[in-house]
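Accompanying notes for the structure given below.
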Amino acid sequence: MRVPLSWLGEFVDLAPGTTPEDVHAALVSVGLEEEDIHRFDVSGPIVVGEVLEFVGEEQTNGKTINWCQVRVAPGDELAADGGPAIHGIICGAHNFAVGDKVVVTLPGASLPGPFPIAARKTYGHVSDGMIASARELGLGDEHDGILLLASLGIDAPVGTDAIPLLGLDDSAVEINVTPDRGYAFSIRGVAREYSHATGVPFRDPALAPTVVAPVTRFPVTIDDQAPIRDRTGASVFVTRVVRGVDPTRPTPAWMIARLGLVGIRSISLVVDVTNYVMFELGQPLHGYDLDKLAGGIIVRRATAGEKFTTLDAVTRTLDVEDLLITDESGPIGLAGVMGGASTEITAQTVNVLVEAANFDPVSIARSARRHKLPSEASKRFERGVDPRVAAVAAARVVQLLVDLAGGVADDLGSVYDEAPAPQPILLPTGFVSGLIGLAYTGDEVRDALVDVGASLVESDGDLHVTPPSWRPDLTDKWTLAEEVARIVGYERIPSVLPVAPPGRGLTRTQTLRRTVAHTLAATGHTEVLTYPFVSERANNVFGVAVSSAMSAGASTADAASVVPITVPVSVPQIKVANPLDGEAPFLRTSMLPGLLQIAHRNRSRGLVDVAIYEQGLVFRPEVGVKYGMAVLPAGAARPSAEAEAALNAGIVPQPLMVGIVLVGNDVRHQPGQPAVGAGWQSALAAAQQVALATGVRIEVRQGQHPAMHPGRTAELFVTVQGSTVQATTVSASTVSASTVSVGFAGELLPTVADDYDLPAVVAVAEINLGLVFAQADDDLTVTPIRTMPAATQDLSLVVSVSVPAAALGAVVAEGAGDLLESIDLVDDYRGAGVESGQKSLTFGLRFRGEERTLTAAEASAARLSGVALAADRFGAALRE
């Protein structure tokens with residue numbers, strides 16, 4: 001909401017020299033957040049000038065310009081810029097005549113842009129200034145010709161300063177109005193708040209117009225069966241008639257300037273007046289051409305499939321919930337949103353029907369969103385409009401049309417008023433002090449409530465408070481207490497920080513989460529935060545389990561041997577009742593869709609190498625389970641253990657996950673170093689960093705996932721300590737009784753990457769941190785560095801392609817015993833010299849003794865022990 005200071009000053013006393021910053025500071029103290037300051041970006045000298053003569057000169061390009069002589073100072077006085085009284089000015093417009101008074105910007109002036117004015121040579125003359133149009137002055141969009149002061153009804157002496165004459169010296173403060181404070185969408189409401197903040201008297205503009213009851217009734221019927229809601233769509237409907245409006249009358253300059261500052265362009269005098277009163281009193285109004293109406297007005301709901309053409313010339317298909325203003329010809333307005341083209345105010349309108357109504361906020365909000373027609377009117381209706389101000393606003397419009405447009409107030413009109421009166425609220429003695437935590441006196445409580453417009457009745461020490469009609473947000477004793485705290489002053493409430501009990505710090509989970517975050521950040525990953533809302537398709541692609549592919553004989557070197565899993569039709573997921581984005585109404589079952597969108601956004605802005613991660617919750621409902629069915633017990637009583645268990649059971653399982661996405665290069669191109677692209681190895685390395693940070697050993701096995709590249713997908717397992725395993729896991733099954741699947745790492749299918757407009761190779765990983773943290777070692781042990789020399793040997797074993805390399809390496813390590821310090825897979829060979837269905841896996845072994853140097857024979861013996869166990873378990877044979 002923008003509030004021009006000159007307009008605000010009509011209803012409260014602004015001290016001399018009050019700046020927009022001062023007004024902002026006062027409004028912030030009563031809870032209205034400051035947004036911006038708006039000014040007409042002009043500076044003088046800008047004066048009233050008179051065209052004395054002009055000569056049209058045709059140019060070589062076919063354009064005709066006018067060489068004008070313009071008087072800018074009376075008699076022989078000097079002009080405002082110190083120059084002569086008559087200036088020669090080049091003008092390309094042709095909508096003026098000799099004797100017209102215009103706005104002249106003299107050298108040294110500045111117009112919005114900024115656009116400085118100076119004497120300059122053009123078209124063979126020195127143009128000593130500029131004759132301005134409305135758009136050049138910031139007064140509107142009109143730029144077909146220069147601004148003629150007669151069109152604004154202004155006849156000021158030559159040389160008069162045009163800046164205050166046109167209201168260009170005004171400024172406006174912009175505030176953010178929260179949904180519960182719709183009354184602040186008016187100068188009336190903001191002026192009252194300024195009065196609360198500063199203590200200056202408030203003059204209510206709603207008391208100024210004289211409300212005259214219509215003598216002759218204009219037929220208005222409220223025929224709303226309210227098929228969607230149990231409330232009637234229109235509770236107040238007031239009409240008044242003004243006849244003999246002069247359509248040639250201009251909108252006054254002061255009104256154009258104020259409307260411009262609040263963000264509304266001038267259209268015509270009648271329309272400008274309705275907009276002006278809406279901003280002044282907060283009551284949306286609409287003007288109909290009375291001569292175009294067919295019979296009386298009927299307020300009803302639309303029928304299914306009914307059509308209606310709005311003022312923007314768009315024909316819309318209506319919904320049965322849409323509230324309409326109709327006459328005998330059909331719809332003439334979408335109530336509270338936009339009028340119709342058939343009864344539009346035009347340059348030929350002389351008789352006007354003024355409508356001021358109060359509509360159901362929910363109905364108006366739904367219609368505005370359904371038809372994508374946000375308007376100043378719907379913005380106010382959906383937040384709640386004072387039902388008592390409708391008749392006053394209609395009277396104010398009538399007054400302005402009589403004063404400014406030469407109209408005559410008619411005795412024809414109507415008043416329908418079925419708005420419920422505000423109900424008293426019991427405010428017990430001491431409740432405000434107990435809730436806010438500050439001792440308020442009884443007088444402070446009473447004065448604050450009276451100040452906001454409430455009426456009080458005291459009974460047995462308690463107050464029965466009836467809120468004012470413009471405050472529908474005051475509904476209970478808690479909101480009343482908040483008003484007392486606001487009006488008395490937030491600065492009175494002390495800032496007291498709670499003291500943490502000694503001996504406490506971060507929880508175990510918090511510590512582990514930070515450790516994981518620090519580790520990933522330290523290894524080159526950037527933490528991001530995504531919305532938890534995704535499309536159904538994204539959940540179907542990513543929200544399914546990884547399955548082990550051990551029996552398929554898959555490996556990263558033999559991707560063709562793995563058949564991709566078909567994407568399922570659907571997975572269990574939770575849909576948001578009122579989503580922010582209709583295309584993403586579901587809660588995520590995986591961290592990856594949001595991360596992939598962020599990767600796409602960064603690449604579209606030139607950041608091609610992306611390594612990002614996020615920790616967060618995912619939502620994984622179980623098949624056939626209904627959530628949120630438990631009901632809180634009535635009153636303030638604590639729920640029983642059974643009720644608490646039922647409430648907890650009604651919460652969707654939300655495991656804590658970490659998602660990782662890498663796109664582009666892991667290592668950038670450098671002198672002597674080629675670029676290294678991110679691939680499945682990068683994702684697996686990131687997963688190992690998570691394991692390292694938590695002290696958990698992750699076992700890697702080949703896996704399958706519908707969104708992942710076959711043969712380039714690793715399923716991650718951890719060994720379970722003890723017999724209890726959490727039910728919520730990444731995989732529906734575990735490989736053995738001692739391990740549980742906690743996630744996966746690898747590369748996306750190129751088709752899935754293409755869906756997100758990403759390169760063919762995208763490395764991803766997702767890990768269930770809840771399961772990992774459950775197995776984390778709280779007392780990490782550090783392996784000491786051995787000082788004895790190491791003995792290294794290579795080992796090549798031929799096994800079936802169905803044997804995972806990790807499993808074979810684990811068996812070799814088990815057989816080699818304590819002398820084996822490390823084992824690494826260095827080669828996976830399939831080709832000449834190795835039989836079909838077999839593969840040769842080469843491991844690098846490092847042996848070391850703790851207290852002595854090992855002999856070659858000891859290292860070889862340990863190596864052969866590992867070979868023997870591998871032969872026994874997997875039929876492995878040494879490669880010749």
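If you're wondering about the labels, chains in the structure tokens are A, B, ... by order shown, residues count from 1 in each chain, ligands from 1 in order shown.
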Can you list, as an MDAnalysis selection string, every residue of range 112-303 of chain A that DSSP puts in alpha helix (DSSP H)? chainID A and resid 134:137 162:165 187:198 253:262 269:281
Within 12 Å of range 96-103 of chain A, counting only C-alpha atoms, which residues qualify if same-chain residues fewer than 4 places away don't, as a PyMOL selection string? chain A and resi 44-56+66+68-72+91-92+129-134+136-137+144-163+165-166
Point out the residue among A:Leu520, A:Val658, A:Val798, A:Val742 with the least atom-to-atom distance to Tyr829 in chain A, counting only C-alpha atoms. A:Val798
Could you pull the residues within 10 Å of Ser840 in chain A, counting only C-alpha atoms, minus those fewer than 3 positions along the same chain, as a VMD selection string? chain A and resid 795 to 801 805 827 to 831 833 to 835 843 876 to 879
Take the residues that were just selected and, keeping all heavy atoms, output them as a short mmCIF file (atom, residue, chain, number, x, y, z; two decimals), in the first residue's frame.
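Resulting contents of result.cif:
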```cif
data_model
loop_
_atom_site.label_atom_id
_atom_site.label_comp_id
_atom_site.auth_asym_id
_atom_site.auth_seq_id
_atom_site.Cartn_x
_atom_site.Cartn_y
_atom_site.Cartn_z
N LEU A 795 47.52 -59.19 -6.83
CA LEU A 795 46.83 -60.46 -6.85
C LEU A 795 45.75 -60.39 -7.91
O LEU A 795 44.87 -59.52 -7.88
CB LEU A 795 46.19 -60.73 -5.48
CG LEU A 795 45.25 -61.94 -5.40
CD1 LEU A 795 46.03 -63.24 -5.68
CD2 LEU A 795 44.59 -62.01 -4.03
N SER A 796 45.83 -61.31 -8.92
CA SER A 796 44.82 -61.39 -9.99
C SER A 796 44.07 -62.70 -9.84
O SER A 796 44.67 -63.78 -9.89
CB SER A 796 45.48 -61.30 -11.37
OG SER A 796 46.08 -60.03 -11.56
N LEU A 797 42.74 -62.57 -9.67
CA LEU A 797 41.89 -63.74 -9.50
C LEU A 797 40.84 -63.78 -10.61
O LEU A 797 40.25 -62.74 -10.96
CB LEU A 797 41.18 -63.70 -8.14
CG LEU A 797 42.08 -63.79 -6.90
CD1 LEU A 797 41.27 -63.60 -5.64
CD2 LEU A 797 42.80 -65.13 -6.87
N VAL A 798 40.60 -64.98 -11.13
CA VAL A 798 39.58 -65.18 -12.15
C VAL A 798 38.36 -65.78 -11.47
O VAL A 798 38.44 -66.84 -10.83
CB VAL A 798 40.09 -66.10 -13.28
CG1 VAL A 798 38.98 -66.34 -14.30
CG2 VAL A 798 41.32 -65.50 -13.94
N VAL A 799 37.22 -65.08 -11.62
CA VAL A 799 35.98 -65.54 -11.00
C VAL A 799 34.84 -65.32 -11.98
O VAL A 799 34.99 -64.67 -13.03
CB VAL A 799 35.67 -64.78 -9.69
CG1 VAL A 799 36.66 -65.10 -8.61
CG2 VAL A 799 35.62 -63.27 -9.94
N SER A 800 33.68 -65.82 -11.64
CA SER A 800 32.49 -65.60 -12.45
C SER A 800 32.10 -64.12 -12.43
O SER A 800 32.31 -63.43 -11.42
CB SER A 800 31.34 -66.45 -11.90
OG SER A 800 30.12 -66.08 -12.52
N VAL A 801 31.53 -63.64 -13.54
CA VAL A 801 31.10 -62.24 -13.60
C VAL A 801 30.00 -61.94 -12.60
O VAL A 801 29.71 -60.77 -12.31
CB VAL A 801 30.64 -61.87 -15.03
CG1 VAL A 801 31.78 -61.93 -16.01
CG2 VAL A 801 29.48 -62.75 -15.46
N ALA A 805 33.02 -57.47 -7.09
CA ALA A 805 34.42 -57.22 -6.74
C ALA A 805 34.56 -56.92 -5.26
O ALA A 805 35.52 -57.35 -4.61
CB ALA A 805 34.96 -56.07 -7.58
N ASP A 827 42.04 -53.35 -11.25
CA ASP A 827 41.73 -53.69 -12.64
C ASP A 827 40.58 -54.69 -12.67
O ASP A 827 40.45 -55.55 -11.79
CB ASP A 827 42.95 -54.28 -13.34
CG ASP A 827 42.71 -54.45 -14.85
OD1 ASP A 827 41.99 -53.60 -15.42
OD2 ASP A 827 43.21 -55.42 -15.43
N ASP A 828 39.74 -54.54 -13.70
CA ASP A 828 38.65 -55.48 -13.98
C ASP A 828 38.75 -55.80 -15.46
O ASP A 828 38.40 -54.98 -16.31
CB ASP A 828 37.30 -54.83 -13.63
CG ASP A 828 36.13 -55.79 -13.84
OD1 ASP A 828 36.23 -56.69 -14.68
OD2 ASP A 828 35.11 -55.60 -13.16
N TYR A 829 39.26 -56.98 -15.77
CA TYR A 829 39.57 -57.33 -17.18
C TYR A 829 38.65 -58.44 -17.66
O TYR A 829 38.45 -59.44 -16.97
CB TYR A 829 41.02 -57.76 -17.32
CG TYR A 829 41.35 -58.25 -18.72
CD1 TYR A 829 41.49 -57.34 -19.77
CD2 TYR A 829 41.50 -59.61 -18.98
CE1 TYR A 829 41.79 -57.78 -21.06
CE2 TYR A 829 41.78 -60.06 -20.27
CZ TYR A 829 41.93 -59.14 -21.31
OH TYR A 829 42.19 -59.58 -22.57
N ARG A 830 38.12 -58.27 -18.89
CA ARG A 830 37.31 -59.30 -19.55
C ARG A 830 37.68 -59.26 -21.03
O ARG A 830 37.46 -58.25 -21.69
CB ARG A 830 35.82 -59.01 -19.37
CG ARG A 830 35.46 -58.74 -17.91
CD ARG A 830 34.03 -58.28 -17.76
NE ARG A 830 33.81 -57.74 -16.42
CZ ARG A 830 32.64 -57.73 -15.81
NH1 ARG A 830 31.59 -58.22 -16.39
NH2 ARG A 830 32.55 -57.23 -14.60
N GLY A 831 38.22 -60.31 -21.50
CA GLY A 831 38.63 -60.33 -22.90
C GLY A 831 39.48 -61.54 -23.20
O GLY A 831 39.33 -62.61 -22.59
N GLY A 833 42.07 -64.35 -23.33
CA GLY A 833 42.78 -65.01 -22.25
C GLY A 833 41.91 -65.32 -21.07
O GLY A 833 42.34 -66.02 -20.16
N VAL A 834 40.70 -64.79 -21.04
CA VAL A 834 39.76 -65.06 -19.95
C VAL A 834 38.50 -65.65 -20.56
O VAL A 834 37.94 -65.09 -21.52
CB VAL A 834 39.41 -63.78 -19.15
CG1 VAL A 834 38.38 -64.09 -18.07
CG2 VAL A 834 40.67 -63.19 -18.52
N GLU A 835 38.06 -66.78 -20.06
CA GLU A 835 36.92 -67.46 -20.63
C GLU A 835 35.65 -66.61 -20.53
O GLU A 835 35.51 -65.75 -19.66
CB GLU A 835 36.68 -68.79 -19.89
CG GLU A 835 37.80 -69.80 -20.07
CD GLU A 835 37.49 -71.09 -19.32
OE1 GLU A 835 36.35 -71.21 -18.80
OE2 GLU A 835 38.38 -71.96 -19.27
N PHE A 843 43.87 -56.99 -7.56
CA PHE A 843 43.88 -56.21 -6.33
C PHE A 843 45.31 -55.83 -5.98
O PHE A 843 46.24 -56.61 -6.20
CB PHE A 843 43.28 -57.00 -5.16
CG PHE A 843 41.84 -57.37 -5.35
CD1 PHE A 843 41.50 -58.59 -5.93
CD2 PHE A 843 40.84 -56.51 -4.95
CE1 PHE A 843 40.17 -58.94 -6.10
CE2 PHE A 843 39.50 -56.86 -5.11
CZ PHE A 843 39.17 -58.08 -5.69
N ALA A 876 37.37 -68.97 -6.95
CA ALA A 876 38.35 -68.10 -7.60
C ALA A 876 39.63 -68.87 -7.88
O ALA A 876 40.05 -69.74 -7.10
CB ALA A 876 38.64 -66.90 -6.71
N ALA A 877 40.28 -68.51 -9.00
CA ALA A 877 41.55 -69.13 -9.38
C ALA A 877 42.55 -68.05 -9.72
O ALA A 877 42.20 -67.01 -10.28
CB ALA A 877 41.36 -70.07 -10.57
N LEU A 878 43.83 -68.30 -9.36
CA LEU A 878 44.88 -67.35 -9.71
C LEU A 878 45.00 -67.27 -11.24
O LEU A 878 44.98 -68.29 -11.93
CB LEU A 878 46.22 -67.79 -9.12
CG LEU A 878 46.47 -67.43 -7.65
CD1 LEU A 878 47.73 -68.13 -7.15
CD2 LEU A 878 46.62 -65.93 -7.50
N ARG A 879 45.10 -66.07 -11.71
CA ARG A 879 45.29 -65.89 -13.15
C ARG A 879 46.76 -66.11 -13.49
O ARG A 879 47.65 -65.56 -12.84
CB ARG A 879 44.86 -64.48 -13.56
CG ARG A 879 44.97 -64.26 -15.07
CD ARG A 879 44.53 -62.85 -15.41
NE ARG A 879 44.73 -62.57 -16.82
CZ ARG A 879 44.63 -61.38 -17.38
NH1 ARG A 879 44.32 -60.35 -16.60
NH2 ARG A 879 44.82 -61.21 -18.66
#
```
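Relative to CA of Glu491 in chain A, CA of Arg181 in chain A is found at 20.9 Å.
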Using only C-alpha atoms, which residues of range 568-683 of chain A come within 9 Å of range 532-542 of chain A, and what is the closest atom pair for each, with the distance in Å to one decimal? Give it as CSV, sorted by chain and residue number.
```
residue,atom,partner,partner_atom,distance
A:Pro568,CA,A:Asn540,CA,6.5
A:Val569,CA,A:Asn540,CA,7.0
A:Ser570,CA,A:Asn540,CA,5.3
A:Val571,CA,A:Asn540,CA,5.6
A:Pro572,CA,A:Asn540,CA,8.7
A:Gln573,CA,A:Asn539,CA,7.5
A:Lys575,CA,A:Glu536,CA,8.8
A:Val576,CA,A:Phe533,CA,8.5
A:Pro579,CA,A:Phe533,CA,8.3
A:Leu580,CA,A:Phe533,CA,8.6
A:Asp581,CA,A:Phe533,CA,8.2
A:Gly582,CA,A:Ser535,CA,8.8
A:Glu583,CA,A:Ser535,CA,6.1
A:Ala584,CA,A:Ser535,CA,4.2
A:Pro585,CA,A:Phe533,CA,6.1
A:Phe586,CA,A:Val534,CA,5.3
A:Leu587,CA,A:Phe533,CA,4.8
A:Arg588,CA,A:Pro532,CA,5.4
A:Thr589,CA,A:Asn539,CA,5.8
A:Ser590,CA,A:Phe542,CA,6.0
A:Met591,CA,A:Pro532,CA,8.2
A:Leu592,CA,A:Phe542,CA,7.2
A:Pro593,CA,A:Ala538,CA,6.3
A:Gly594,CA,A:Val534,CA,7.5
A:Gly616,CA,A:Pro532,CA,8.9
A:Leu617,CA,A:Pro532,CA,8.3
A:Val618,CA,A:Pro532,CA,7.7
```
Near Ala439 in chain A, within 12 Å and counting only C-alpha atoms, which residues show up once chain neighbours fewer than 5 positions away are dropped, as a tab-separated table (two decimals) with N, CA, C and O atoms, in the first residue's frame?
```tsv
chain	number	residue	atom	x	y	z
A	429	THR	N	-9.83	-10.03	33.43
A	429	THR	CA	-8.87	-9.16	34.11
A	429	THR	C	-7.52	-9.87	34.23
A	429	THR	O	-7.45	-11.04	34.64
A	430	GLY	N	-6.46	-9.19	33.90
A	430	GLY	CA	-5.11	-9.73	34.02
A	430	GLY	C	-4.70	-10.64	32.87
A	430	GLY	O	-3.54	-11.09	32.83
A	431	PHE	N	-5.61	-10.92	31.93
A	431	PHE	CA	-5.24	-11.84	30.84
A	431	PHE	C	-4.14	-11.25	29.97
A	431	PHE	O	-3.19	-11.95	29.59
A	432	VAL	N	-4.25	-9.97	29.65
A	432	VAL	CA	-3.26	-9.34	28.76
A	432	VAL	C	-1.88	-9.38	29.40
A	432	VAL	O	-0.89	-9.77	28.76
A	433	SER	N	-1.79	-9.02	30.66
A	433	SER	CA	-0.49	-9.03	31.34
A	433	SER	C	0.07	-10.43	31.42
A	433	SER	O	1.29	-10.66	31.23
A	434	GLY	N	-0.78	-11.42	31.69
A	434	GLY	CA	-0.30	-12.79	31.80
A	434	GLY	C	0.19	-13.33	30.47
A	434	GLY	O	1.17	-14.09	30.43
A	444	GLU	N	-4.42	1.37	30.80
A	444	GLU	CA	-3.68	1.13	29.57
A	444	GLU	C	-4.43	0.16	28.66
A	444	GLU	O	-4.53	0.38	27.43
A	445	VAL	N	-4.99	-0.88	29.24
A	445	VAL	CA	-5.74	-1.86	28.44
A	445	VAL	C	-6.97	-1.21	27.84
A	445	VAL	O	-7.25	-1.33	26.64
A	484	VAL	N	-3.38	-4.68	22.39
A	484	VAL	CA	-2.95	-3.87	23.53
A	484	VAL	C	-1.43	-3.73	23.52
A	484	VAL	O	-0.89	-2.62	23.68
A	485	ALA	N	-0.72	-4.83	23.30
A	485	ALA	CA	0.74	-4.78	23.27
A	485	ALA	C	1.22	-3.88	22.14
A	485	ALA	O	2.19	-3.13	22.29
A	488	VAL	N	0.13	0.03	23.03
A	488	VAL	CA	0.91	0.57	24.15
A	488	VAL	C	2.38	0.72	23.75
A	488	VAL	O	3.06	1.66	24.17
A	492	ARG	N	7.97	-1.54	25.07
A	492	ARG	CA	7.77	-1.77	26.50
A	492	ARG	C	8.06	-3.22	26.88
A	492	ARG	O	8.32	-3.53	28.05
A	493	ILE	N	7.98	-4.10	25.91
A	493	ILE	CA	8.16	-5.53	26.21
A	493	ILE	C	9.65	-5.82	26.27
A	493	ILE	O	10.38	-5.61	25.30
A	494	PRO	N	10.16	-6.29	27.41
A	494	PRO	CA	11.60	-6.50	27.54
A	494	PRO	C	12.07	-7.69	26.70
A	494	PRO	O	11.32	-8.64	26.46
```
Using only C-alpha atoms, determine which residues lie at most 8 Å from Arg786 in chain A, disregarding the query and same-chain residues fewer than 5 positions distant; provide the list as a PDB file with all heavy atoms, in the first residue's frame.
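Final output, result-v3.pdb:
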```pdb
ATOM      1  N   ARG A 848      51.907 -55.137   6.341  1.00  0.00           N
ATOM      2  CA  ARG A 848      52.823 -54.429   7.231  1.00  0.00           C
ATOM      3  C   ARG A 848      52.721 -55.048   8.628  1.00  0.00           C
ATOM      4  O   ARG A 848      51.618 -55.340   9.102  1.00  0.00           O
ATOM      5  CB  ARG A 848      52.479 -52.941   7.300  1.00  0.00           C
ATOM      6  CG  ARG A 848      53.591 -52.081   7.915  1.00  0.00           C
ATOM      7  CD  ARG A 848      53.087 -50.675   8.204  1.00  0.00           C
ATOM      8  NE  ARG A 848      52.521 -50.005   7.053  1.00  0.00           N
ATOM      9  CZ  ARG A 848      53.206 -49.193   6.235  1.00  0.00           C
ATOM     10  NH1 ARG A 848      54.489 -48.986   6.453  1.00  0.00           N
ATOM     11  NH2 ARG A 848      52.586 -48.596   5.225  1.00  0.00           N
ATOM     12  N   GLY A 849      53.853 -55.213   9.238  1.00  0.00           N
ATOM     13  CA  GLY A 849      53.881 -55.695  10.612  1.00  0.00           C
ATOM     14  C   GLY A 849      53.851 -54.532  11.585  1.00  0.00           C
ATOM     15  O   GLY A 849      54.246 -53.412  11.255  1.00  0.00           O
ATOM     16  N   GLU A 850      53.397 -54.807  12.801  1.00  0.00           N
ATOM     17  CA  GLU A 850      53.313 -53.739  13.780  1.00  0.00           C
ATOM     18  C   GLU A 850      54.655 -53.458  14.454  1.00  0.00           C
ATOM     19  O   GLU A 850      54.968 -52.298  14.763  1.00  0.00           O
ATOM     20  CB  GLU A 850      52.281 -54.100  14.847  1.00  0.00           C
ATOM     21  CG  GLU A 850      50.848 -54.114  14.331  1.00  0.00           C
ATOM     22  CD  GLU A 850      49.851 -54.318  15.453  1.00  0.00           C
ATOM     23  OE1 GLU A 850      50.290 -54.383  16.617  1.00  0.00           O
ATOM     24  OE2 GLU A 850      48.648 -54.419  15.171  1.00  0.00           O
TER      25      GLU A 850
END
```
Just the residues within 10 Å of Asn351 in chain A, please, counting only C-alpha atoms, with nothing from its chain fewer than 2 positions along; format it as a ChimeraX atom specification. /A:241-247,287-292,345,348-349,353-354,407-408,410
Would you output that residue set with N, CA and C atoms, as a short mmCIF file (atom, residue, chain, number, x, y, z; two decimals), in the first residue's frame?
```cif
data_model
loop_
_atom_site.label_atom_id
_atom_site.label_comp_id
_atom_site.auth_asym_id
_atom_site.auth_seq_id
_atom_site.Cartn_x
_atom_site.Cartn_y
_atom_site.Cartn_z
N VAL A 241 -27.16 7.00 -7.64
CA VAL A 241 -27.20 7.45 -9.03
C VAL A 241 -26.82 8.92 -9.11
N VAL A 242 -25.98 9.24 -10.09
CA VAL A 242 -25.62 10.63 -10.40
C VAL A 242 -25.94 10.84 -11.88
N ARG A 243 -26.72 11.87 -12.17
CA ARG A 243 -27.11 12.16 -13.55
C ARG A 243 -26.43 13.43 -14.05
N GLY A 244 -26.34 13.54 -15.35
CA GLY A 244 -25.81 14.76 -15.97
C GLY A 244 -24.33 14.96 -15.79
N VAL A 245 -23.58 13.88 -15.67
CA VAL A 245 -22.13 14.00 -15.56
C VAL A 245 -21.56 14.52 -16.88
N ASP A 246 -20.67 15.48 -16.78
CA ASP A 246 -20.03 16.04 -17.98
C ASP A 246 -18.82 15.18 -18.33
N PRO A 247 -18.91 14.38 -19.44
CA PRO A 247 -17.78 13.49 -19.75
C PRO A 247 -16.53 14.21 -20.23
N GLY A 287 -18.46 1.80 -11.08
CA GLY A 287 -19.41 2.67 -11.76
C GLY A 287 -19.94 2.01 -13.02
N TYR A 288 -21.28 2.02 -13.18
CA TYR A 288 -21.91 1.48 -14.37
C TYR A 288 -22.52 2.63 -15.18
N ASP A 289 -22.52 2.49 -16.49
CA ASP A 289 -23.26 3.42 -17.33
C ASP A 289 -24.74 3.08 -17.16
N LEU A 290 -25.47 3.95 -16.47
CA LEU A 290 -26.86 3.66 -16.13
C LEU A 290 -27.71 3.41 -17.37
N ASP A 291 -27.41 4.12 -18.45
CA ASP A 291 -28.21 3.98 -19.66
C ASP A 291 -27.98 2.66 -20.36
N LYS A 292 -26.92 1.94 -20.01
CA LYS A 292 -26.65 0.63 -20.63
C LYS A 292 -27.22 -0.52 -19.81
N ILE A 345 -17.97 2.41 -18.29
CA ILE A 345 -17.98 3.86 -18.35
C ILE A 345 -17.14 4.31 -19.54
N GLN A 348 -18.87 8.78 -23.46
CA GLN A 348 -20.24 9.22 -23.72
C GLN A 348 -21.15 9.06 -22.50
N THR A 349 -20.62 8.54 -21.40
CA THR A 349 -21.44 8.30 -20.22
C THR A 349 -21.82 9.61 -19.55
N LEU A 353 -24.40 4.82 -12.35
CA LEU A 353 -24.85 4.08 -11.18
C LEU A 353 -23.62 3.67 -10.39
N VAL A 354 -23.54 4.09 -9.14
CA VAL A 354 -22.40 3.79 -8.28
C VAL A 354 -22.76 2.59 -7.40
N GLY A 407 -22.21 16.75 -12.09
CA GLY A 407 -23.38 15.91 -12.04
C GLY A 407 -24.39 16.36 -10.99
N VAL A 408 -25.55 15.71 -11.01
CA VAL A 408 -26.62 16.00 -10.06
C VAL A 408 -26.96 14.71 -9.32
N ASP A 410 -29.05 12.01 -7.73
CA ASP A 410 -30.43 11.58 -7.92
C ASP A 410 -30.93 10.89 -6.65
#
```
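One finds CA of Phe744 in chain A at 22.3 Å from CA of Val826 in chain A.
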Non-local contacts of range 27-43 of chain A (10 Å; only C-alpha atoms; under 4 positions in same chain excluded) as an NGL selection string: :A and (1-4 or 20-23 or 105 or 108-116 or 136-139 or 163 or 167-178 or 181 or 184 or 190-191 or 193-198 or 257 or 260-263 or 483 or 485-491)
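Proximity to His525 in chain A was assessed for A:Arg508, A:Ala481, A:Ser682, A:Pro502 counting only C-alpha atoms; the smallest distance is recorded for A:Ser682.
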Go through A:Leu106, A:Gly124, A:Tyr276, A:Gln654 and flag the residue nearest Ala85 in chain A, using only C-alpha atoms for the distances. A:Leu106
